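Enquirer: Supplied structure: entry_31.cif, mmCIF, C-alpha atoms and all ligand atoms.
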data_target
#
loop_
_atom_site.label_atom_id
_atom_site.label_comp_id
_atom_site.auth_asym_id
_atom_site.auth_seq_id
_atom_site.Cartn_x
_atom_site.Cartn_y
_atom_site.Cartn_z
CA MET A 1 -6.32 -25.00 -11.33
CA ARG A 2 -7.63 -21.95 -9.48
CA LYS A 3 -7.50 -18.70 -11.42
CA ALA A 4 -6.79 -15.27 -9.92
CA LEU A 5 -7.02 -11.86 -11.56
CA ILE A 6 -5.01 -8.99 -10.04
CA SER A 7 -5.40 -5.31 -10.85
CA GLY A 8 -2.29 -3.35 -9.86
CA ILE A 9 -0.03 -6.35 -10.50
CA THR A 10 2.86 -4.04 -11.45
CA GLY A 11 2.70 -2.29 -8.05
CA GLN A 12 4.40 -3.18 -4.77
CA ASP A 13 1.58 -5.38 -3.42
CA GLY A 14 0.60 -6.84 -6.80
CA SER A 15 4.11 -8.20 -7.27
CA TYR A 16 4.22 -9.89 -3.83
CA LEU A 17 0.69 -11.22 -4.16
CA ALA A 18 1.47 -12.67 -7.61
CA GLU A 19 4.45 -14.54 -6.10
CA ILE A 20 2.30 -15.88 -3.26
CA LEU A 21 -0.45 -17.09 -5.63
CA LEU A 22 2.02 -18.69 -8.07
CA ASP A 23 3.55 -20.56 -5.13
CA LYS A 24 0.11 -21.85 -4.21
CA GLY A 25 -0.38 -23.15 -7.76
CA TYR A 26 -2.81 -20.51 -9.09
CA GLU A 27 -3.01 -19.44 -12.72
CA VAL A 28 -2.25 -15.75 -12.20
CA HIS A 29 -3.67 -13.11 -14.54
CA GLY A 30 -2.79 -9.46 -14.19
CA ILE A 31 -4.03 -6.17 -15.59
CA LEU A 32 -1.33 -4.05 -17.18
CA ARG A 33 -1.74 -0.34 -17.90
CA ARG A 34 -0.38 0.79 -21.21
CA SER A 35 2.71 2.88 -20.63
CA SER A 36 5.18 4.57 -22.99
CA SER A 37 8.03 2.95 -21.08
CA PHE A 38 8.43 -0.41 -19.35
CA ASN A 39 6.44 -0.58 -16.09
CA THR A 40 6.96 -4.24 -15.19
CA SER A 41 10.23 -4.05 -13.23
CA ARG A 42 8.64 -5.47 -10.05
CA ILE A 43 7.35 -8.57 -11.88
CA ASP A 44 10.10 -9.14 -14.45
CA HIS A 45 11.45 -12.10 -12.42
CA ILE A 46 8.10 -13.94 -12.77
CA PHE A 47 7.01 -12.43 -16.08
CA ASP A 48 6.96 -15.77 -17.96
CA GLN A 49 4.70 -17.38 -15.35
CA LEU A 50 2.04 -14.66 -15.53
CA LYS A 51 -0.75 -13.99 -17.99
CA LEU A 52 -0.84 -10.23 -18.48
CA HIS A 53 -3.61 -8.31 -20.23
CA TYR A 54 -3.95 -4.65 -21.09
CA GLY A 55 -6.75 -2.94 -19.20
CA ASP A 56 -7.53 0.02 -17.01
CA LEU A 57 -9.79 0.71 -14.05
CA VAL A 58 -11.23 3.71 -15.90
CA ASP A 59 -12.26 1.48 -18.82
CA SER A 60 -15.38 -0.58 -17.94
CA GLN A 61 -15.30 -2.45 -21.20
CA SER A 62 -11.77 -3.76 -20.59
CA LEU A 63 -12.77 -5.01 -17.12
CA SER A 64 -15.91 -6.76 -18.40
CA SER A 65 -14.01 -8.48 -21.23
CA LEU A 66 -11.29 -9.66 -18.86
CA VAL A 67 -13.74 -10.98 -16.27
CA SER A 68 -15.87 -12.76 -18.86
CA ASP A 69 -12.89 -14.25 -20.77
CA ILE A 70 -10.84 -15.36 -17.75
CA LYS A 71 -13.71 -16.30 -15.41
CA PRO A 72 -11.42 -15.98 -12.38
CA ASP A 73 -12.17 -17.67 -9.06
CA GLU A 74 -10.61 -14.76 -7.17
CA ILE A 75 -10.19 -11.09 -8.05
CA TYR A 76 -7.80 -8.84 -6.12
CA ASN A 77 -8.49 -5.15 -6.80
CA LEU A 78 -5.15 -3.56 -5.90
CA GLY A 79 -4.98 -1.03 -8.76
CA ALA A 80 -5.16 2.57 -7.57
CA GLN A 81 -3.74 6.06 -7.70
CA SER A 82 -2.26 5.27 -4.32
CA HIS A 83 -0.35 8.44 -3.37
CA VAL A 84 -2.13 10.56 -0.76
CA LYS A 85 -0.30 13.83 -1.52
CA VAL A 86 -0.77 13.40 -5.28
CA SER A 87 -4.52 12.87 -4.72
CA PHE A 88 -4.81 16.56 -3.74
CA GLU A 89 -3.41 17.48 -7.15
CA ILE A 90 -5.46 15.01 -9.23
CA PRO A 91 -8.62 14.47 -7.13
CA ASP A 92 -10.92 13.77 -10.08
CA TYR A 93 -8.65 11.10 -11.57
CA THR A 94 -8.10 9.58 -8.10
CA ALA A 95 -11.87 9.26 -7.68
CA GLN A 96 -12.26 7.80 -11.18
CA VAL A 97 -9.74 5.04 -10.46
CA ASP A 98 -10.03 4.39 -6.72
CA ALA A 99 -13.77 4.91 -6.24
CA LEU A 100 -15.47 4.29 -9.57
CA GLY A 101 -12.85 1.77 -10.66
CA THR A 102 -14.04 -0.45 -7.80
CA LEU A 103 -17.66 -0.05 -8.91
CA ARG A 104 -16.71 -0.86 -12.52
CA PHE A 105 -15.06 -4.10 -11.39
CA LEU A 106 -18.05 -5.13 -9.28
CA GLU A 107 -20.42 -4.35 -12.16
CA ALA A 108 -18.24 -6.38 -14.53
CA ILE A 109 -18.66 -9.40 -12.23
CA ARG A 110 -22.41 -8.88 -11.99
CA SER A 111 -23.00 -8.31 -15.69
CA CYS A 112 -20.98 -11.44 -16.54
CA GLY A 113 -23.28 -13.47 -14.25
CA LEU A 114 -20.38 -14.46 -11.99
CA SER A 115 -21.72 -13.02 -8.72
CA GLU A 116 -22.10 -16.46 -7.19
CA THR A 117 -18.71 -17.85 -8.11
CA VAL A 118 -16.17 -15.01 -7.89
CA LYS A 119 -14.51 -13.89 -4.66
CA PHE A 120 -13.52 -10.22 -4.67
CA TYR A 121 -10.83 -8.55 -2.53
CA GLN A 122 -10.79 -4.75 -2.18
CA ALA A 123 -7.56 -2.95 -1.21
CA SER A 124 -8.98 -0.73 1.48
CA THR A 125 -6.84 1.44 3.70
CA SER A 126 -6.19 2.92 7.14
CA GLU A 127 -6.51 6.32 5.39
CA LEU A 128 -10.27 5.81 5.93
CA TYR A 129 -9.64 6.63 9.62
CA GLY A 130 -7.82 9.90 8.77
CA LEU A 131 -8.64 12.23 11.66
CA VAL A 132 -8.85 9.32 14.05
CA GLN A 133 -12.00 9.01 16.14
CA GLU A 134 -10.66 6.23 18.37
CA VAL A 135 -7.24 4.84 19.34
CA PRO A 136 -6.34 2.19 18.25
CA GLN A 137 -8.42 1.83 15.08
CA LYS A 138 -10.40 -1.34 14.48
CA GLU A 139 -13.18 -2.48 12.14
CA THR A 140 -15.88 -0.64 14.13
CA THR A 141 -14.01 2.69 14.42
CA PRO A 142 -15.88 5.50 12.59
CA PHE A 143 -14.21 6.74 9.41
CA TYR A 144 -13.01 10.34 8.83
CA PRO A 145 -10.90 10.49 5.65
CA ARG A 146 -8.58 13.48 5.21
CA SER A 147 -7.66 13.42 1.51
CA PRO A 148 -9.27 12.89 -1.90
CA TYR A 149 -7.53 9.49 -1.82
CA GLY A 150 -9.14 8.61 1.52
CA VAL A 151 -12.55 9.78 0.36
CA ALA A 152 -12.30 7.82 -2.90
CA LYS A 153 -11.30 4.69 -0.98
CA LEU A 154 -14.23 5.26 1.36
CA TYR A 155 -16.56 4.96 -1.64
CA GLY A 156 -14.70 1.77 -2.63
CA TYR A 157 -15.19 0.35 0.87
CA TRP A 158 -18.91 1.09 0.95
CA ILE A 159 -19.70 -0.05 -2.59
CA VAL A 160 -18.03 -3.39 -1.80
CA LYS A 161 -20.16 -3.72 1.33
CA ASN A 162 -23.26 -2.75 -0.66
CA TYR A 163 -22.67 -5.35 -3.40
CA ARG A 164 -22.10 -7.94 -0.69
CA GLU A 165 -25.43 -7.11 0.96
CA ALA A 166 -27.45 -6.41 -2.18
CA TYR A 167 -26.24 -9.19 -4.49
CA GLY A 168 -24.68 -11.72 -2.11
CA LEU A 169 -21.24 -11.24 -3.66
CA HIS A 170 -18.30 -12.76 -1.78
CA ALA A 171 -16.65 -9.31 -1.59
CA SER A 172 -14.31 -8.34 1.27
CA SER A 173 -12.17 -5.36 2.21
CA GLY A 174 -8.77 -5.56 3.84
CA ILE A 175 -8.29 -2.31 5.76
CA LEU A 176 -4.53 -2.35 5.51
CA PHE A 177 -2.30 -0.01 7.48
CA ASN A 178 0.92 1.25 5.84
CA HIS A 179 3.12 -1.52 4.51
CA GLU A 180 6.49 -1.16 2.90
CA SER A 181 9.26 -3.21 1.28
CA PRO A 182 12.30 -2.84 -0.96
CA ARG A 183 9.75 -2.59 -3.81
CA ARG A 184 7.96 0.42 -2.30
CA GLY A 185 7.43 3.35 -4.70
CA GLU A 186 10.21 5.91 -4.36
CA THR A 187 7.99 8.85 -3.40
CA PHE A 188 6.58 7.19 -0.26
CA VAL A 189 8.35 8.33 2.86
CA THR A 190 10.06 5.09 4.00
CA LYS A 191 11.64 4.45 0.60
CA LYS A 192 12.57 8.10 0.21
CA ILE A 193 14.41 7.81 3.54
CA THR A 194 16.11 4.42 3.02
CA LYS A 195 17.20 5.21 -0.53
CA GLY A 196 18.15 8.82 0.22
CA LEU A 197 20.24 7.97 3.30
CA SER A 198 21.90 5.05 1.46
CA ARG A 199 22.90 7.41 -1.36
CA ILE A 200 24.19 10.01 1.14
CA LYS A 201 26.23 7.27 2.84
CA ARG A 202 27.83 6.40 -0.50
CA GLY A 203 28.53 10.05 -1.30
CA MET A 204 26.04 10.17 -4.18
CA GLN A 205 23.63 12.71 -2.70
CA GLU A 206 23.95 15.69 -0.33
CA LYS A 207 20.66 15.60 1.59
CA ILE A 208 16.99 14.63 1.62
CA THR A 209 14.16 17.09 2.06
CA LEU A 210 11.04 15.91 3.89
CA GLY A 211 7.68 17.24 5.16
CA ASN A 212 5.94 16.41 8.45
CA ILE A 213 8.37 14.12 10.28
CA TYR A 214 6.14 14.03 13.39
CA ALA A 215 3.38 12.04 11.66
CA LYS A 216 3.00 8.59 13.24
CA ARG A 217 2.32 5.40 11.34
CA ASP A 218 1.81 1.68 11.97
CA TRP A 219 4.24 0.25 9.40
CA GLY A 220 4.42 -3.43 8.39
CA HIS A 221 6.02 -5.50 5.64
CA ALA A 222 4.14 -5.85 2.34
CA LYS A 223 4.86 -9.61 2.17
CA ASP A 224 3.05 -10.21 5.48
CA PHE A 225 0.15 -8.01 4.42
CA CYS A 226 -0.29 -9.71 1.03
CA ASN A 227 -0.57 -13.05 2.81
CA ALA A 228 -3.51 -11.59 4.70
CA MET A 229 -5.24 -10.69 1.41
CA TRP A 230 -5.22 -14.33 0.37
CA LEU A 231 -6.43 -15.50 3.79
CA ILE A 232 -9.35 -13.05 3.61
CA LEU A 233 -10.60 -14.63 0.39
CA GLN A 234 -10.29 -18.16 1.81
CA GLN A 235 -12.94 -17.43 4.47
CA GLU A 236 -16.33 -19.00 3.97
CA LYS A 237 -18.08 -15.67 4.49
CA PRO A 238 -17.00 -12.27 3.13
CA ASP A 239 -16.05 -9.69 5.75
CA ASP A 240 -13.81 -6.69 6.47
CA TYR A 241 -10.54 -6.94 8.39
CA VAL A 242 -7.99 -4.50 9.80
CA ILE A 243 -4.45 -5.64 8.99
CA SER A 244 -1.74 -3.91 11.01
CA THR A 245 1.26 -4.54 13.25
CA ASP A 246 -0.49 -2.78 16.17
CA GLN A 247 2.66 -0.72 16.82
CA GLN A 248 3.34 2.89 16.00
CA VAL A 249 6.39 5.07 15.40
CA SER A 250 6.91 8.57 13.98
CA VAL A 251 8.62 9.34 10.68
CA LYS A 252 11.46 10.83 12.76
CA ASP A 253 11.78 7.56 14.75
CA PHE A 254 12.02 5.68 11.45
CA ILE A 255 14.72 8.08 10.23
CA ASN A 256 16.73 7.60 13.43
CA MET A 257 16.41 3.81 13.07
CA CYS A 258 17.77 4.01 9.50
CA LEU A 259 20.58 6.40 10.52
CA GLU A 260 21.66 3.88 13.16
CA ILE A 261 21.55 0.94 10.73
CA LEU A 262 23.74 2.92 8.30
CA GLY A 263 26.19 3.90 11.07
CA PHE A 264 25.61 7.67 10.92
CA SER A 265 26.28 9.82 13.97
CA VAL A 266 23.95 12.84 13.89
CA GLU A 267 22.61 15.82 15.75
CA TRP A 268 19.08 17.27 15.26
CA LYS A 269 18.79 21.06 15.51
CA GLY A 270 16.06 23.67 15.11
CA GLU A 271 12.28 23.41 15.06
CA GLY A 272 9.41 23.15 12.58
CA ILE A 273 10.34 24.12 9.06
CA ASN A 274 13.88 25.01 10.27
CA GLU A 275 14.65 21.61 11.78
CA VAL A 276 17.74 19.92 10.33
CA CYS A 277 19.72 16.74 10.87
CA ILE A 278 23.49 17.23 10.80
CA ASP A 279 26.08 14.52 10.17
CA THR A 280 28.47 15.14 13.08
CA LYS A 281 31.42 13.63 11.18
CA THR A 282 31.20 16.03 8.23
CA GLY A 283 29.20 18.86 9.81
CA LYS A 284 26.88 18.79 6.77
CA VAL A 285 23.07 18.99 6.81
CA ILE A 286 21.78 15.64 5.53
CA ILE A 287 18.04 16.17 6.20
CA ASP A 288 16.00 19.36 6.02
CA ILE A 289 12.32 20.23 5.89
CA SER A 290 10.24 21.91 3.19
CA LYS A 291 6.63 23.04 3.13
CA LYS A 292 6.46 21.46 -0.32
CA TYR A 293 6.03 18.01 1.24
CA PHE A 294 3.28 18.94 3.72
CA ARG A 295 -0.31 18.00 2.87
CA PRO A 296 -3.29 20.43 2.88
CA SER A 297 -4.84 18.19 5.55
CA GLU A 298 -2.70 15.61 7.29
CA VAL A 299 -3.29 12.24 8.90
CA GLU A 300 -1.22 12.79 12.04
CA THR A 301 -1.51 9.42 13.70
CA LEU A 302 -2.53 5.87 12.80
CA LEU A 303 -2.40 2.79 15.01
CA GLY A 304 -4.22 -0.42 14.19
CA ASP A 305 -5.89 -3.08 16.28
CA SER A 306 -5.80 -6.27 14.22
CA THR A 307 -7.27 -8.58 16.89
CA LYS A 308 -10.07 -9.74 14.56
CA ALA A 309 -7.66 -10.80 11.78
CA ARG A 310 -5.34 -12.47 14.28
CA LYS A 311 -8.22 -14.50 15.72
CA GLN A 312 -10.34 -15.25 12.66
CA LEU A 313 -7.66 -15.49 9.95
CA ASN A 314 -4.95 -16.82 12.24
CA TRP A 315 -2.76 -14.08 10.74
CA LYS A 316 0.10 -12.25 12.35
CA PRO A 317 3.03 -10.22 11.03
CA THR A 318 6.40 -11.96 10.88
CA TYR A 319 8.62 -8.87 10.37
CA ASN A 320 9.41 -6.13 12.86
CA LEU A 321 10.13 -2.58 11.73
CA LYS A 322 13.89 -2.80 12.22
CA ASP A 323 14.12 -5.95 10.05
CA LEU A 324 12.02 -4.19 7.41
CA ALA A 325 14.25 -1.08 7.48
CA LYS A 326 17.37 -3.28 7.25
CA GLU A 327 15.97 -5.20 4.27
CA MET A 328 15.11 -1.94 2.48
CA ILE A 329 18.54 -0.42 3.16
CA GLU A 330 20.42 -3.56 2.08
CA TYR A 331 18.44 -3.56 -1.16
CA ASP A 332 19.06 0.15 -1.76
CA LEU A 333 22.81 -0.14 -1.08
CA GLU A 334 23.04 -3.10 -3.45
CA GLU A 335 21.11 -1.25 -6.15
CA ILE A 336 23.41 1.77 -5.83
CA LYS A 337 26.40 -0.52 -6.39
P1 LIG B 1 1.36 0.98 -5.88
O1 LIG B 1 2.72 0.39 -5.71
O2 LIG B 1 1.21 2.43 -6.12
O3 LIG B 1 0.66 0.19 -7.10
C1 LIG B 1 -0.53 0.65 -7.66
C2 LIG B 1 -0.87 -0.23 -8.85
O4 LIG B 1 -2.10 0.25 -9.43
C3 LIG B 1 0.18 -0.21 -9.98
O5 LIG B 1 0.25 -1.49 -10.54
C4 LIG B 1 -0.44 0.77 -10.96
O6 LIG B 1 -0.01 0.58 -12.29
C5 LIG B 1 -1.91 0.39 -10.82
N1 LIG B 1 -2.83 1.40 -11.34
C6 LIG B 1 -2.80 2.74 -11.14
N2 LIG B 1 -3.79 3.33 -11.82
C7 LIG B 1 -4.45 2.36 -12.48
C8 LIG B 1 -5.54 2.35 -13.38
N3 LIG B 1 -6.15 3.47 -13.78
N4 LIG B 1 -5.95 1.16 -13.88
C9 LIG B 1 -5.32 0.00 -13.53
N5 LIG B 1 -4.28 -0.05 -12.70
C10 LIG B 1 -3.85 1.12 -12.18
O7 LIG B 1 0.44 0.62 -4.64
P2 LIG B 1 0.62 -0.52 -3.51
O8 LIG B 1 1.41 0.06 -2.40
O9 LIG B 1 1.06 -1.78 -4.16
O10 LIG B 1 -0.87 -0.66 -2.98
C11 LIG B 1 -1.78 -1.59 -3.56
C12 LIG B 1 -3.20 -1.19 -3.22
O11 LIG B 1 -3.36 -1.16 -1.81
C13 LIG B 1 -3.61 0.20 -3.70
O12 LIG B 1 -4.99 0.14 -4.02
C14 LIG B 1 -3.40 1.09 -2.48
O13 LIG B 1 -4.24 2.21 -2.56
C15 LIG B 1 -3.79 0.13 -1.38
N6 LIG B 1 -3.15 0.34 -0.08
C16 LIG B 1 -1.79 0.42 0.02
C17 LIG B 1 -1.21 0.54 1.28
C18 LIG B 1 0.29 0.61 1.45
O14 LIG B 1 0.74 1.01 2.53
N7 LIG B 1 1.09 0.19 0.46
C19 LIG B 1 -2.01 0.54 2.43
C20 LIG B 1 -3.40 0.42 2.29
C21 LIG B 1 -3.95 0.29 1.03
P3 LIG B 1 1.38 1.24 -12.85
O15 LIG B 1 2.48 0.35 -12.33
O16 LIG B 1 1.21 1.20 -14.29
O17 LIG B 1 1.44 2.62 -12.26
O1 LIG B 2 3.49 9.24 4.06
C1 LIG B 2 4.83 12.05 5.98
C2 LIG B 2 3.47 12.22 5.32
O2 LIG B 2 3.34 9.01 1.58
C3 LIG B 2 3.59 8.82 5.40
C4 LIG B 2 -0.06 4.90 0.91
O3 LIG B 2 0.43 3.61 0.63
O4 LIG B 2 -0.27 4.41 3.26
C5 LIG B 2 0.34 5.28 2.33
O5 LIG B 2 -0.06 6.63 2.56
C6 LIG B 2 3.71 10.03 6.31
C7 LIG B 2 2.68 11.13 6.02
O6 LIG B 2 2.25 7.29 3.12
C8 LIG B 2 7.31 13.14 3.57
O7 LIG B 2 2.96 13.54 5.51
C9 LIG B 2 6.88 13.46 5.68
O8 LIG B 2 2.16 11.61 7.23
O9 LIG B 2 4.68 7.32 2.91
P1 LIG B 2 3.51 8.22 2.83
P2 LIG B 2 0.75 7.62 3.52
O10 LIG B 2 0.34 8.99 3.15
O11 LIG B 2 0.58 7.21 4.93
C10 LIG B 2 -1.69 4.40 3.23
C11 LIG B 2 -2.17 3.40 4.26
C12 LIG B 2 -2.25 4.19 1.88
O12 LIG B 2 -3.33 3.62 1.72
C13 LIG B 2 -1.58 4.90 0.77
O13 LIG B 2 -1.90 4.29 -0.49
O14 LIG B 2 4.99 10.64 6.06
N1 LIG B 2 5.94 12.60 5.20
N2 LIG B 2 7.73 13.80 4.70
C14 LIG B 2 6.19 12.38 3.91
N3 LIG B 2 5.56 11.61 2.99
C15 LIG B 2 6.07 11.57 1.74
N4 LIG B 2 5.47 10.78 0.81
N5 LIG B 2 7.16 12.31 1.38
C16 LIG B 2 7.82 13.12 2.27
O15 LIG B 2 8.80 13.78 1.91
#
Now, as a test, write the supplied structure out as structure tokens.

Expert:
Amino acid sequence: MRKALISGITGQDGSYLAEILLDKGYEVHGILRRSSSFNTSRIDHIFDQLKLHYGDLVDSQSLSSLVSDIKPDEIYNLGAQSHVKVSFEIPDYTAQVDALGTLRFLEAIRSCGLSETVKFYQASTSELYGLVQEVPQKETTPFYPRSPYGVAKLYGYWIVKNYREAYGLHASSGILFNHESPRRGETFVTKKITKGLSRIKRGMQEKITLGNIYAKRDWGHAKDFCNAMWLILQQEKPDDYVISTDQQVSVKDFINMCLEILGFSVEWKGEGINEVCIDTKTGKVIIDISKKYFRPSEVETLLGDSTKARKQLNWKPTYNLKDLAKEMIEYDLEEIK
């Protein structure tokens, strides 16, 4: 039986990837961070089928012990401080986990003498492109990260490439563009919108307050993107791949899509920080803007070109954005009930 070890198994992607690997018959091990309260809600439905171990990406010793005890065939490094805005507030910690955590994992593999047998997947990101140097962005597009998160992930990307070249490790990066799901963390913009608007619809909340609604993203479904992670590690040779839907919309477009799904009739008024969205039935402001949610340096636009993955991995997304938004809203409405 093939064995996989996942860091970040309690996160959005970790939970979908664990399901995919269990379905394929893997023995799935996951790294759990110690928390004062339960942090396994995304994997509770498969909890009994998983082998969970305490560990942390800032703790080299825990990574080495896990790698040497489990001797996994595949390692998926999904653990990260993954919030871009938060990375401006805790840049040192973000670098410790997202940059050096990747190095610690690679060193654990090397020091356990498993360089020739383990396949390593690195959760890389479209945030590497930041202030985009080319449209659309593909594997050869120069990087220009715009946040401590992006810079930390840039180190992760390069150290993976270096260990591949220096030690022959089967180590690959998936450069994934934004991907969402009902399990998305509540402080990311799509979930904040679907959950907030669902609560407003049910009369449980007055309004949501957002930041830059003119930022554009290439949003896909986490399930589709986690399938790509597995495909990347099944390739004979390690390599880096952009994974994206190759379509772009603004945050405001996504809001309007969700408003339509929920049956709101609205009017947008004002500009910049004074822009508001008014529910025309009640006359109430349901969305406003605050500087609080703007970033010190923003990634204004991201659009992927996933031709390489589509050709070499035979991968393509199966969800469109409207189906994704509907699935998120249905989940949120059900949860509110
Ligand atoms: P997420 O929901 O925020 O999950 C992050 C996971 O990392 C959680 O399991 C978290 O544990 C764990 N973690 C945080 N700090 C850790 C540490 N010090 N040691 C060990 N584990 C730690 O993120 P996601 O959306 O699933 O993303 C998965 C990965 O893909 C991340 O590396 C992210 O940066 C990257 N990525 C995400 C996207 C996207 O759009 N979702 C796009 C490109 C790349 P707790 O549950 O205990 O907090
Ligand atoms: O922001 C704007 C915000 O936080 C998207 C992570 O998974 O994807 C994610 O990073 C956009 C930004 O995702 C609010 O300024 C407006 O332009 O949902 P987000 P992100 O920063 O793109 C990448 C690929 C990753 O790798 C990351 O790990 O939406 N925005 N108003 C807002 N964003 C948030 N969070 N909250 C707002 O109120």

Enquirer: Sorted by chain and rising residue number, which residues of chain A lie within 6 Å of ligand LIG 1 (chain B), and what are their closest atom pairs and distances in Å to one decimal, counting only C-alpha atoms and all ligand atoms, as a tab-separated table?

Expert:
residue	atom	partner	partner_atom	distance
A:Ser7	CA	B:LIG1	N5	5.7
A:Gly8	CA	B:LIG1	O5	3.2
A:Ile9	CA	B:LIG1	O5	4.9
A:Thr10	CA	B:LIG1	O5	3.8
A:Gly11	CA	B:LIG1	O3	3.3
A:Gln12	CA	B:LIG1	O9	3.7
A:Asp13	CA	B:LIG1	O9	3.7
A:Gly14	CA	B:LIG1	O9	5.7
A:Arg33	CA	B:LIG1	O16	4.9
A:Asn39	CA	B:LIG1	O15	5.5
A:Asp56	CA	B:LIG1	N4	3.7
A:Leu57	CA	B:LIG1	N4	3.9
A:Val58	CA	B:LIG1	N3	5.5
A:Leu78	CA	B:LIG1	C12	4.1
A:Gly79	CA	B:LIG1	O4	3.2
A:Ala80	CA	B:LIG1	O4	4.3
A:Gln81	CA	B:LIG1	C6	4.9
A:Ser82	CA	B:LIG1	O13	4.0
A:Val97	CA	B:LIG1	N3	5.1
A:Ala123	CA	B:LIG1	O11	4.6
A:Ser124	CA	B:LIG1	C21	5.2
A:Thr125	CA	B:LIG1	C20	3.9
A:Leu176	CA	B:LIG1	C20	4.4
A:Phe177	CA	B:LIG1	C19	5.1
A:Asn178	CA	B:LIG1	O14	3.3
A:His179	CA	B:LIG1	O14	4.0
A:Gly185	CA	B:LIG1	O1	5.7

Enquirer: Could you give me the residues within 9 Å of ligand LIG 2 (chain B), counting all atoms listed in the file, as JSON, numbers by chain?

Expert: {"A": [80, 81, 82, 83, 84, 85, 123, 124, 125, 126, 127, 128, 149, 150, 153, 175, 176, 177, 178, 179, 180, 184, 185, 186, 187, 188, 189, 190, 191, 192, 193, 208, 209, 210, 211, 212, 213, 214, 215, 216, 217, 218, 219, 250, 251, 252, 289, 290, 292, 293, 294, 295, 298, 299, 300, 301, 302]}

Enquirer: Just write the chosen residues, C-alpha atoms, as a CSV table (one decimal), keeping the file's coordinate frame.

Expert:
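Listed below is the output, out_36.csv:
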chain,number,residue,atom,x,y,z
A,80,ALA,CA,-5.2,2.6,-7.6
A,81,GLN,CA,-3.7,6.1,-7.7
A,82,SER,CA,-2.3,5.3,-4.3
A,83,HIS,CA,-0.4,8.4,-3.4
A,84,VAL,CA,-2.1,10.6,-0.8
A,85,LYS,CA,-0.3,13.8,-1.5
A,123,ALA,CA,-7.6,-3.0,-1.2
A,124,SER,CA,-9.0,-0.7,1.5
A,125,THR,CA,-6.8,1.4,3.7
A,126,SER,CA,-6.2,2.9,7.1
A,127,GLU,CA,-6.5,6.3,5.4
A,128,LEU,CA,-10.3,5.8,5.9
A,149,TYR,CA,-7.5,9.5,-1.8
A,150,GLY,CA,-9.1,8.6,1.5
A,153,LYS,CA,-11.3,4.7,-1.0
A,175,ILE,CA,-8.3,-2.3,5.8
A,176,LEU,CA,-4.5,-2.4,5.5
A,177,PHE,CA,-2.3,0.0,7.5
A,178,ASN,CA,0.9,1.2,5.8
A,179,HIS,CA,3.1,-1.5,4.5
A,180,GLU,CA,6.5,-1.2,2.9
A,184,ARG,CA,8.0,0.4,-2.3
A,185,GLY,CA,7.4,3.4,-4.7
A,186,GLU,CA,10.2,5.9,-4.4
A,187,THR,CA,8.0,8.8,-3.4
A,188,PHE,CA,6.6,7.2,-0.3
A,189,VAL,CA,8.4,8.3,2.9
A,190,THR,CA,10.1,5.1,4.0
A,191,LYS,CA,11.6,4.4,0.6
A,192,LYS,CA,12.6,8.1,0.2
A,193,ILE,CA,14.4,7.8,3.5
A,208,ILE,CA,17.0,14.6,1.6
A,209,THR,CA,14.2,17.1,2.1
A,210,LEU,CA,11.0,15.9,3.9
A,211,GLY,CA,7.7,17.2,5.2
A,212,ASN,CA,5.9,16.4,8.4
A,213,ILE,CA,8.4,14.1,10.3
A,214,TYR,CA,6.1,14.0,13.4
A,215,ALA,CA,3.4,12.0,11.7
A,216,LYS,CA,3.0,8.6,13.2
A,217,ARG,CA,2.3,5.4,11.3
A,218,ASP,CA,1.8,1.7,12.0
A,219,TRP,CA,4.2,0.2,9.4
A,250,SER,CA,6.9,8.6,14.0
A,251,VAL,CA,8.6,9.3,10.7
A,252,LYS,CA,11.5,10.8,12.8
A,289,ILE,CA,12.3,20.2,5.9
A,290,SER,CA,10.2,21.9,3.2
A,292,LYS,CA,6.5,21.5,-0.3
A,293,TYR,CA,6.0,18.0,1.2
A,294,PHE,CA,3.3,18.9,3.7
A,295,ARG,CA,-0.3,18.0,2.9
A,298,GLU,CA,-2.7,15.6,7.3
A,299,VAL,CA,-3.3,12.2,8.9
A,300,GLU,CA,-1.2,12.8,12.0
A,301,THR,CA,-1.5,9.4,13.7
A,302,LEU,CA,-2.5,5.9,12.8

Enquirer: Enclose segment 134-147 of chain A, meaning all of its atoms listed in the file, in a box aligned along x, y and z, pad it by 3 Å on each side, and list the centre and edge lengths in Å to one decimal, as JSON.

Expert:
{"center_x": -11.1, "center_y": 5.5, "center_z": 10.4, "size_x": 15.5, "size_y": 22.0, "size_z": 23.8}

Enquirer: Could you tell me how far atom CA of Val28 of chain A lies from atom CA of Leu114 of chain A, in Å and to one decimal?

Expert: 18.2 Å

Enquirer: With all atoms listed in the file as the basis for distance, which of A:Lys3, A:Lys316, A:Lys51, A:Lys161 is at the shortest distance from Cys226 of chain A?

Expert: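 Between A:Lys3, A:Lys316, A:Lys51, A:Lys161, the residue approaching Cys226 of chain A most closely is A:Lys316.
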
Enquirer: Out of A:Gln49, A:Asn256, A:Ser244, A:Gln137, which residue has the shortest atom-to-atom distance to Asn320 of chain A when counting all atoms listed in the file?

Expert: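 The closest residue to Asn320 of chain A is A:Ser244.
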
Enquirer: Find, counting all atoms listed in the file, the residue in A:Cys277, A:Leu333, A:Ala95, A:Cys112 that gets nearest to Lys201 of chain A.

Expert: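 When distances to Lys201 of chain A are compared using all atoms listed in the file, the smallest one comes from A:Leu333.
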
Enquirer: If you measure from atom CA of Pro136 of chain A to atom CA of Asp240 of chain A, what distance in Å do you get, rounded to one decimal?

Expert: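 Atom CA of Asp240 of chain A lies 16.5 Å from atom CA of Pro136 of chain A.
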